[in-house]
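**Student:** Next up is a structure, given as structure tokens.
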Amino acid sequence: EYINIINKAVVSTQSTGAQANVLPTLLQCYLRAGSSEDLQIKAKKALKNILQKCVHLPALEPLLHDAPPNILKHVVAQFSKVLPHDAKARRLFVTSGGLKKVQEIKAEPGSALMEYINIINGCYPEEIVRYYSPGYSERLLERIDNHQPIMTN
């Protein structure tokens, strides 16, 4: 059954495969401990092939949360290709939690993943990126604690 899904996914077009929820299924095949080595290899290859063509960002969004680092790199790469050119997609990426999730990714400085994250961050005003960065709300609360009110009489 999964081999058929993978075969269909590999030959599917960029949006058809994505809209058919093939990506999460392929990810499951790849990650499932009980999957055969052959199935895992085919699922990984199909995932990478589809990800490199997929510009349907809502289909990629679930993978931001579930994909391991070796697949996540390809997911973030696609966002970095589309977001600079699509204002509606940039807004949706923020409201859906995608930008927040990207800020939580631990990427090695100088890595391709870090470059993709920097491209995505460059699509937004600096204060938006800071707002969605881990620890930002705590830093704001500290500022409240340390702030001296201005008294006017």
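Residues are named by chain letter and number: chains run A, B, ... in the order of the structure tokens, numbers start at 1 in each chain, and ligands are numbered from 1 in the order shown.
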I want to know what sits within 10 Å of A:His85, based on only C-alpha atoms, with residues of the same chain fewer than 5 positions away left out; could you give that as JSON, numbers by chain?

**Tutor:** {"A": [80, 90, 123]}

**Student:** Out of chain A, which residues get alpha helix (DSSP H) from DSSP, as an mmCIF file with N, CA and C atoms, in the first residue's frame?

**Tutor:**
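Output saved as part_26.cif:
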```
data_model
loop_
_atom_site.group_PDB
_atom_site.id
_atom_site.type_symbol
_atom_site.label_atom_id
_atom_site.label_comp_id
_atom_site.auth_asym_id
_atom_site.auth_seq_id
_atom_site.Cartn_x
_atom_site.Cartn_y
_atom_site.Cartn_z
ATOM 1 N N TYR A 2 1.868 1.312 0.896
ATOM 2 C CA TYR A 2 2.715 2.494 0.970
ATOM 3 C C TYR A 2 3.582 2.650 -0.272
ATOM 4 N N ILE A 3 4.000 1.532 -0.857
ATOM 5 C CA ILE A 3 4.791 1.606 -2.083
ATOM 6 C C ILE A 3 3.968 2.268 -3.186
ATOM 7 N N ASN A 4 2.671 1.941 -3.253
ATOM 8 C CA ASN A 4 1.798 2.572 -4.249
ATOM 9 C C ASN A 4 1.692 4.074 -4.001
ATOM 10 N N ILE A 5 1.566 4.468 -2.764
ATOM 11 C CA ILE A 5 1.496 5.892 -2.426
ATOM 12 C C ILE A 5 2.778 6.590 -2.855
ATOM 13 N N ILE A 6 3.896 5.969 -2.570
ATOM 14 C CA ILE A 6 5.184 6.558 -2.941
ATOM 15 C C ILE A 6 5.299 6.669 -4.456
ATOM 16 N N ASN A 7 4.937 5.626 -5.166
ATOM 17 C CA ASN A 7 5.017 5.667 -6.628
ATOM 18 C C ASN A 7 4.144 6.776 -7.199
ATOM 19 N N LYS A 8 2.942 6.912 -6.666
ATOM 20 C CA LYS A 8 2.053 7.985 -7.126
ATOM 21 C C LYS A 8 2.653 9.344 -6.784
ATOM 22 N N ALA A 9 3.239 9.459 -5.619
ATOM 23 C CA ALA A 9 3.813 10.729 -5.186
ATOM 24 C C ALA A 9 4.964 11.156 -6.079
ATOM 25 N N VAL A 10 5.789 10.218 -6.448
ATOM 26 C CA VAL A 10 6.960 10.535 -7.260
ATOM 27 C C VAL A 10 6.540 11.071 -8.623
ATOM 28 N N VAL A 11 5.473 10.513 -9.199
ATOM 29 C CA VAL A 11 5.049 10.958 -10.519
ATOM 30 C C VAL A 11 4.039 12.096 -10.475
ATOM 31 N N GLN A 14 3.708 18.984 -8.792
ATOM 32 C CA GLN A 14 4.073 19.662 -7.560
ATOM 33 C C GLN A 14 2.871 19.952 -6.663
ATOM 34 N N SER A 15 1.755 20.373 -7.186
ATOM 35 C CA SER A 15 0.644 20.716 -6.309
ATOM 36 C C SER A 15 -0.305 19.551 -6.092
ATOM 37 N N THR A 16 -0.468 18.666 -7.089
ATOM 38 C CA THR A 16 -1.409 17.572 -6.917
ATOM 39 C C THR A 16 -0.985 16.664 -5.779
ATOM 40 N N GLY A 17 0.272 16.308 -5.758
ATOM 41 C CA GLY A 17 0.764 15.437 -4.693
ATOM 42 C C GLY A 17 0.639 16.104 -3.341
ATOM 43 N N ALA A 18 0.939 17.380 -3.291
ATOM 44 C CA ALA A 18 0.879 18.096 -2.024
ATOM 45 C C ALA A 18 -0.557 18.209 -1.534
ATOM 46 N N GLN A 19 -1.473 18.514 -2.453
ATOM 47 C CA GLN A 19 -2.858 18.691 -2.043
ATOM 48 C C GLN A 19 -3.497 17.373 -1.634
ATOM 49 N N VAL A 22 -0.027 13.813 0.452
ATOM 50 C CA VAL A 22 0.989 12.792 0.251
ATOM 51 C C VAL A 22 2.185 13.054 1.164
ATOM 52 N N LEU A 23 2.537 14.314 1.377
ATOM 53 C CA LEU A 23 3.745 14.625 2.148
ATOM 54 C C LEU A 23 3.720 14.062 3.569
ATOM 55 N N PRO A 24 2.647 14.290 4.343
ATOM 56 C CA PRO A 24 2.640 13.690 5.690
ATOM 57 C C PRO A 24 2.694 12.163 5.676
ATOM 58 N N THR A 25 2.049 11.561 4.688
ATOM 59 C CA THR A 25 2.068 10.093 4.580
ATOM 60 C C THR A 25 3.478 9.600 4.278
ATOM 61 N N LEU A 26 4.149 10.278 3.351
ATOM 62 C CA LEU A 26 5.527 9.901 3.031
ATOM 63 C C LEU A 26 6.434 10.065 4.242
ATOM 64 N N LEU A 27 6.220 11.152 4.975
ATOM 65 C CA LEU A 27 7.027 11.381 6.177
ATOM 66 C C LEU A 27 6.812 10.253 7.184
ATOM 67 N N GLN A 28 5.561 9.832 7.343
ATOM 68 C CA GLN A 28 5.270 8.711 8.247
ATOM 69 C C GLN A 28 5.998 7.443 7.800
ATOM 70 N N CYS A 29 5.963 7.174 6.507
ATOM 71 C CA CYS A 29 6.652 5.978 5.981
ATOM 72 C C CYS A 29 8.143 6.047 6.273
ATOM 73 N N TYR A 30 8.694 7.227 6.104
ATOM 74 C CA TYR A 30 10.129 7.422 6.313
ATOM 75 C C TYR A 30 10.495 7.273 7.789
ATOM 76 N N LEU A 31 9.656 7.785 8.678
ATOM 77 C CA LEU A 31 9.986 7.810 10.109
ATOM 78 C C LEU A 31 9.552 6.558 10.871
ATOM 79 N N GLU A 37 13.697 -1.013 5.216
ATOM 80 C CA GLU A 37 14.734 -0.089 4.765
ATOM 81 C C GLU A 37 14.421 0.415 3.357
ATOM 82 N N ASP A 38 13.926 -0.488 2.517
ATOM 83 C CA ASP A 38 13.571 -0.127 1.145
ATOM 84 C C ASP A 38 12.475 0.942 1.131
ATOM 85 N N LEU A 39 11.460 0.754 1.967
ATOM 86 C CA LEU A 39 10.368 1.726 2.054
ATOM 87 C C LEU A 39 10.887 3.074 2.550
ATOM 88 N N GLN A 40 11.743 3.053 3.553
ATOM 89 C CA GLN A 40 12.294 4.304 4.086
ATOM 90 C C GLN A 40 13.112 5.047 3.023
ATOM 91 N N ILE A 41 13.911 4.325 2.269
ATOM 92 C CA ILE A 41 14.725 4.945 1.214
ATOM 93 C C ILE A 41 13.830 5.550 0.139
ATOM 94 N N LYS A 42 12.811 4.795 -0.287
ATOM 95 C CA LYS A 42 11.908 5.295 -1.325
ATOM 96 C C LYS A 42 11.094 6.482 -0.820
ATOM 97 N N ALA A 43 10.654 6.422 0.428
ATOM 98 C CA ALA A 43 9.878 7.528 0.995
ATOM 99 C C ALA A 43 10.733 8.789 1.086
ATOM 100 N N LYS A 44 11.982 8.642 1.521
ATOM 101 C CA LYS A 44 12.882 9.793 1.630
ATOM 102 C C LYS A 44 13.128 10.414 0.258
ATOM 103 N N LYS A 45 13.383 9.570 -0.731
ATOM 104 C CA LYS A 45 13.638 10.058 -2.086
ATOM 105 C C LYS A 45 12.404 10.779 -2.639
ATOM 106 N N ALA A 46 11.239 10.192 -2.441
ATOM 107 C CA ALA A 46 9.994 10.808 -2.919
ATOM 108 C C ALA A 46 9.745 12.137 -2.214
ATOM 109 N N LEU A 47 9.968 12.164 -0.908
ATOM 110 C CA LEU A 47 9.806 13.407 -0.151
ATOM 111 C C LEU A 47 10.687 14.513 -0.721
ATOM 112 N N LYS A 48 11.958 14.213 -0.897
ATOM 113 C CA LYS A 48 12.894 15.214 -1.417
ATOM 114 C C LYS A 48 12.489 15.686 -2.807
ATOM 115 N N ASN A 49 12.087 14.738 -3.676
ATOM 116 C CA ASN A 49 11.676 15.103 -5.033
ATOM 117 C C ASN A 49 10.471 16.035 -5.031
ATOM 118 N N ILE A 50 9.478 15.702 -4.235
ATOM 119 C CA ILE A 50 8.268 16.524 -4.177
ATOM 120 C C ILE A 50 8.577 17.867 -3.526
ATOM 121 N N LEU A 51 9.334 17.840 -2.443
ATOM 122 C CA LEU A 51 9.644 19.085 -1.738
ATOM 123 C C LEU A 51 10.374 20.078 -2.628
ATOM 124 N N LEU A 57 2.465 26.180 -0.248
ATOM 125 C CA LEU A 57 2.978 26.297 1.117
ATOM 126 C C LEU A 57 2.096 25.662 2.190
ATOM 127 N N PRO A 58 0.760 25.739 2.098
ATOM 128 C CA PRO A 58 -0.046 25.064 3.134
ATOM 129 C C PRO A 58 0.238 23.557 3.238
ATOM 130 N N ALA A 59 0.648 22.946 2.135
ATOM 131 C CA ALA A 59 0.981 21.513 2.167
ATOM 132 C C ALA A 59 2.304 21.278 2.890
ATOM 133 N N LEU A 60 3.185 22.266 2.853
ATOM 134 C CA LEU A 60 4.492 22.127 3.500
ATOM 135 C C LEU A 60 4.436 22.400 5.005
ATOM 136 N N GLU A 61 3.465 23.209 5.403
ATOM 137 C CA GLU A 61 3.385 23.682 6.785
ATOM 138 C C GLU A 61 3.461 22.570 7.841
ATOM 139 N N PRO A 62 2.701 21.461 7.713
ATOM 140 C CA PRO A 62 2.776 20.417 8.744
ATOM 141 C C PRO A 62 4.179 19.827 8.896
ATOM 142 N N LEU A 63 4.939 19.811 7.815
ATOM 143 C CA LEU A 63 6.282 19.252 7.866
ATOM 144 C C LEU A 63 7.243 20.137 8.656
ATOM 145 N N LEU A 64 6.927 21.423 8.781
ATOM 146 C CA LEU A 64 7.754 22.310 9.615
ATOM 147 C C LEU A 64 7.792 21.804 11.053
ATOM 148 N N HIS A 65 6.692 21.197 11.485
ATOM 149 C CA HIS A 65 6.571 20.757 12.871
ATOM 150 C C HIS A 65 7.032 19.319 13.087
ATOM 151 N N ASP A 66 6.959 18.491 12.035
ATOM 152 C CA ASP A 66 7.169 17.055 12.217
ATOM 153 C C ASP A 66 8.428 16.480 11.584
ATOM 154 N N PRO A 69 15.610 16.971 10.933
ATOM 155 C CA PRO A 69 16.460 18.010 10.338
ATOM 156 C C PRO A 69 16.855 17.780 8.875
ATOM 157 N N ASN A 70 17.128 16.537 8.479
ATOM 158 C CA ASN A 70 17.552 16.291 7.099
ATOM 159 C C ASN A 70 16.435 16.545 6.086
ATOM 160 N N ILE A 71 15.188 16.457 6.497
ATOM 161 C CA ILE A 71 14.038 16.767 5.634
ATOM 162 C C ILE A 71 13.618 18.225 5.844
ATOM 163 N N LEU A 72 13.705 18.686 7.074
ATOM 164 C CA LEU A 72 13.321 20.064 7.415
ATOM 165 C C LEU A 72 14.075 21.078 6.555
ATOM 166 N N LYS A 73 15.327 20.796 6.269
ATOM 167 C CA LYS A 73 16.143 21.685 5.443
ATOM 168 C C LYS A 73 15.465 21.940 4.093
ATOM 169 N N HIS A 74 14.910 20.898 3.490
ATOM 170 C CA HIS A 74 14.254 21.019 2.184
ATOM 171 C C HIS A 74 12.930 21.780 2.298
ATOM 172 N N VAL A 75 12.228 21.574 3.410
ATOM 173 C CA VAL A 75 10.964 22.277 3.649
ATOM 174 C C VAL A 75 11.226 23.780 3.777
ATOM 175 N N VAL A 76 12.188 24.144 4.617
ATOM 176 C CA VAL A 76 12.514 25.550 4.844
ATOM 177 C C VAL A 76 13.041 26.188 3.553
ATOM 178 N N ALA A 77 13.769 25.418 2.760
ATOM 179 C CA ALA A 77 14.268 25.925 1.481
ATOM 180 C C ALA A 77 13.114 26.365 0.583
ATOM 181 N N GLN A 78 12.050 25.574 0.551
ATOM 182 C CA GLN A 78 10.908 25.934 -0.293
ATOM 183 C C GLN A 78 10.235 27.216 0.196
ATOM 184 N N PHE A 79 10.083 27.353 1.503
ATOM 185 C CA PHE A 79 9.511 28.590 2.040
ATOM 186 C C PHE A 79 10.399 29.779 1.661
ATOM 187 N N SER A 80 11.713 29.583 1.703
ATOM 188 C CA SER A 80 12.634 30.683 1.402
ATOM 189 C C SER A 80 12.582 31.077 -0.078
ATOM 190 N N LYS A 81 12.120 30.165 -0.927
ATOM 191 C CA LYS A 81 11.988 30.474 -2.356
ATOM 192 C C LYS A 81 10.695 31.228 -2.656
ATOM 193 N N VAL A 82 9.620 30.886 -1.947
ATOM 194 C CA VAL A 82 8.303 31.431 -2.259
ATOM 195 C C VAL A 82 8.004 32.728 -1.496
ATOM 196 N N ALA A 87 3.269 38.250 -0.922
ATOM 197 C CA ALA A 87 2.870 38.956 0.303
ATOM 198 C C ALA A 87 1.770 38.210 1.054
ATOM 199 N N LYS A 88 0.816 37.639 0.325
ATOM 200 C CA LYS A 88 -0.269 36.893 0.969
ATOM 201 C C LYS A 88 0.290 35.677 1.711
ATOM 202 N N ALA A 89 1.224 34.989 1.090
ATOM 203 C CA ALA A 89 1.849 33.816 1.711
ATOM 204 C C ALA A 89 2.645 34.225 2.952
ATOM 205 N N ARG A 90 3.301 35.389 2.901
ATOM 206 C CA ARG A 90 4.065 35.859 4.071
ATOM 207 C C ARG A 90 3.142 36.089 5.256
ATOM 208 N N ARG A 91 2.003 36.706 4.995
ATOM 209 C CA ARG A 91 1.042 36.962 6.075
ATOM 210 C C ARG A 91 0.518 35.640 6.648
ATOM 211 N N LEU A 92 0.148 34.724 5.773
ATOM 212 C CA LEU A 92 -0.363 33.418 6.203
ATOM 213 C C LEU A 92 0.689 32.646 6.996
ATOM 214 N N PHE A 93 1.944 32.775 6.596
ATOM 215 C CA PHE A 93 3.037 32.095 7.281
ATOM 216 C C PHE A 93 3.149 32.563 8.733
ATOM 217 N N VAL A 94 2.883 33.848 8.962
ATOM 218 C CA VAL A 94 2.912 34.383 10.328
ATOM 219 C C VAL A 94 1.696 33.891 11.106
ATOM 220 N N THR A 95 0.493 34.045 10.532
ATOM 221 C CA THR A 95 -0.732 33.713 11.267
ATOM 222 C C THR A 95 -0.876 32.213 11.521
ATOM 223 N N GLY A 98 3.998 29.487 11.277
ATOM 224 C CA GLY A 98 5.198 29.072 10.565
ATOM 225 C C GLY A 98 6.425 29.896 10.926
ATOM 226 N N LEU A 99 6.258 31.213 10.994
ATOM 227 C CA LEU A 99 7.407 32.068 11.317
ATOM 228 C C LEU A 99 7.924 31.770 12.722
ATOM 229 N N LYS A 100 7.007 31.561 13.650
ATOM 230 C CA LYS A 100 7.405 31.223 15.022
ATOM 231 C C LYS A 100 8.191 29.911 15.033
ATOM 232 N N LYS A 101 7.706 28.924 14.296
ATOM 233 C CA LYS A 101 8.381 27.621 14.247
ATOM 234 C C LYS A 101 9.780 27.761 13.652
ATOM 235 N N VAL A 102 9.925 28.569 12.611
ATOM 236 C CA VAL A 102 11.233 28.759 11.979
ATOM 237 C C VAL A 102 12.216 29.383 12.976
ATOM 238 N N GLN A 103 11.723 30.292 13.831
ATOM 239 C CA GLN A 103 12.607 30.927 14.815
ATOM 240 C C GLN A 103 13.100 29.916 15.853
ATOM 241 N N GLU A 104 12.349 28.846 16.043
ATOM 242 C CA GLU A 104 12.711 27.821 17.040
ATOM 243 C C GLU A 104 13.717 26.802 16.507
ATOM 244 N N ALA A 112 23.344 25.699 5.145
ATOM 245 C CA ALA A 112 22.302 26.021 4.165
ATOM 246 C C ALA A 112 20.994 26.326 4.883
ATOM 247 N N LEU A 113 20.690 25.545 5.922
ATOM 248 C CA LEU A 113 19.459 25.770 6.689
ATOM 249 C C LEU A 113 19.443 27.177 7.278
ATOM 250 N N MET A 114 20.571 27.619 7.836
ATOM 251 C CA MET A 114 20.647 28.959 8.411
ATOM 252 C C MET A 114 20.448 30.017 7.329
ATOM 253 N N GLU A 115 20.987 29.766 6.154
ATOM 254 C CA GLU A 115 20.824 30.700 5.036
ATOM 255 C C GLU A 115 19.345 30.818 4.656
ATOM 256 N N TYR A 116 18.641 29.690 4.599
ATOM 257 C CA TYR A 116 17.212 29.707 4.274
ATOM 258 C C TYR A 116 16.424 30.472 5.341
ATOM 259 N N ILE A 117 16.763 30.242 6.608
ATOM 260 C CA ILE A 117 16.087 30.949 7.705
ATOM 261 C C ILE A 117 16.337 32.446 7.580
ATOM 262 N N ASN A 118 17.553 32.845 7.252
ATOM 263 C CA ASN A 118 17.866 34.270 7.092
ATOM 264 C C ASN A 118 17.080 34.889 5.938
ATOM 265 N N ILE A 119 16.901 34.143 4.863
ATOM 266 C CA ILE A 119 16.094 34.634 3.732
ATOM 267 C C ILE A 119 14.654 34.850 4.180
ATOM 268 N N ILE A 120 14.117 33.876 4.909
ATOM 269 C CA ILE A 120 12.741 33.996 5.413
ATOM 270 C C ILE A 120 12.638 35.199 6.350
ATOM 271 N N ASN A 121 13.562 35.313 7.294
ATOM 272 C CA ASN A 121 13.531 36.434 8.236
ATOM 273 C C ASN A 121 13.623 37.772 7.517
ATOM 274 N N GLU A 126 12.066 43.596 11.262
ATOM 275 C CA GLU A 126 12.861 43.034 12.356
ATOM 276 C C GLU A 126 12.047 42.809 13.631
ATOM 277 N N GLU A 127 11.133 43.738 13.947
ATOM 278 C CA GLU A 127 10.358 43.591 15.189
ATOM 279 C C GLU A 127 9.403 42.397 15.133
ATOM 280 N N ILE A 128 8.945 42.026 13.933
ATOM 281 C CA ILE A 128 8.084 40.842 13.800
ATOM 282 C C ILE A 128 8.905 39.581 14.074
ATOM 283 N N VAL A 129 10.096 39.518 13.505
ATOM 284 C CA VAL A 129 10.970 38.365 13.716
ATOM 285 C C VAL A 129 11.310 38.243 15.199
ATOM 286 N N ARG A 130 11.645 39.361 15.841
ATOM 287 C CA ARG A 130 11.956 39.335 17.281
ATOM 288 C C ARG A 130 10.761 38.850 18.095
ATOM 289 N N TYR A 131 9.570 39.341 17.749
ATOM 290 C CA TYR A 131 8.347 38.993 18.471
ATOM 291 C C TYR A 131 8.125 37.479 18.482
ATOM 292 N N TYR A 136 11.238 35.947 23.682
ATOM 293 C CA TYR A 136 10.929 37.370 23.527
ATOM 294 C C TYR A 136 9.931 37.848 24.576
ATOM 295 N N SER A 137 8.886 37.081 24.850
ATOM 296 C CA SER A 137 7.883 37.522 25.822
ATOM 297 C C SER A 137 8.493 37.657 27.218
ATOM 298 N N GLU A 138 9.435 36.758 27.549
ATOM 299 C CA GLU A 138 10.092 36.851 28.855
ATOM 300 C C GLU A 138 10.932 38.129 28.949
ATOM 301 N N ARG A 139 11.611 38.479 27.853
ATOM 302 C CA ARG A 139 12.403 39.718 27.851
ATOM 303 C C ARG A 139 11.509 40.944 27.997
ATOM 304 N N LEU A 140 10.338 40.894 27.384
ATOM 305 C CA LEU A 140 9.398 42.016 27.546
ATOM 306 C C LEU A 140 8.926 42.128 28.982
ATOM 307 N N LEU A 141 8.643 40.999 29.608
ATOM 308 C CA LEU A 141 8.196 41.020 31.012
ATOM 309 C C LEU A 141 9.286 41.554 31.930
ATOM 310 N N GLU A 142 10.536 41.206 31.635
ATOM 311 C CA GLU A 142 11.654 41.759 32.418
ATOM 312 C C GLU A 142 11.697 43.274 32.291
ATOM 313 N N ARG A 143 11.445 43.765 31.107
ATOM 314 C CA ARG A 143 11.453 45.220 30.897
ATOM 315 C C ARG A 143 10.348 45.871 31.714
ATOM 316 N N ILE A 144 9.193 45.206 31.814
ATOM 317 C CA ILE A 144 8.103 45.748 32.641
ATOM 318 C C ILE A 144 8.537 45.791 34.101
ATOM 319 N N ASP A 145 9.167 44.700 34.562
ATOM 320 C CA ASP A 145 9.636 44.633 35.951
ATOM 321 C C ASP A 145 10.646 45.728 36.259
ATOM 322 N N ASN A 146 11.487 46.052 35.291
ATOM 323 C CA ASN A 146 12.559 47.029 35.512
ATOM 324 C C ASN A 146 12.168 48.458 35.160
#
```

**Student:** Would you compute the distance between atom CA of A:Pro109 and atom CA of A:His56? Give it in Å to one decimal.

**Tutor:**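 If I compute the distance from atom CA of A:Pro109 to atom CA of A:His56, I get 28.0 Å.
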
**Student:** Given only C-alpha atoms as the basis, pick out the residue of A:Asn21, A:Pro125, A:Gly34, A:Pro68 nearest to A:Lys106.

**Tutor:**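 Closest candidate: A:Pro68.
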
**Student:** Work out how far atom CA of A:Gly110 is from atom CA of A:Gly97, in Å to one decimal.

**Tutor:**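 Distance between the two atoms: 24.8 Å.
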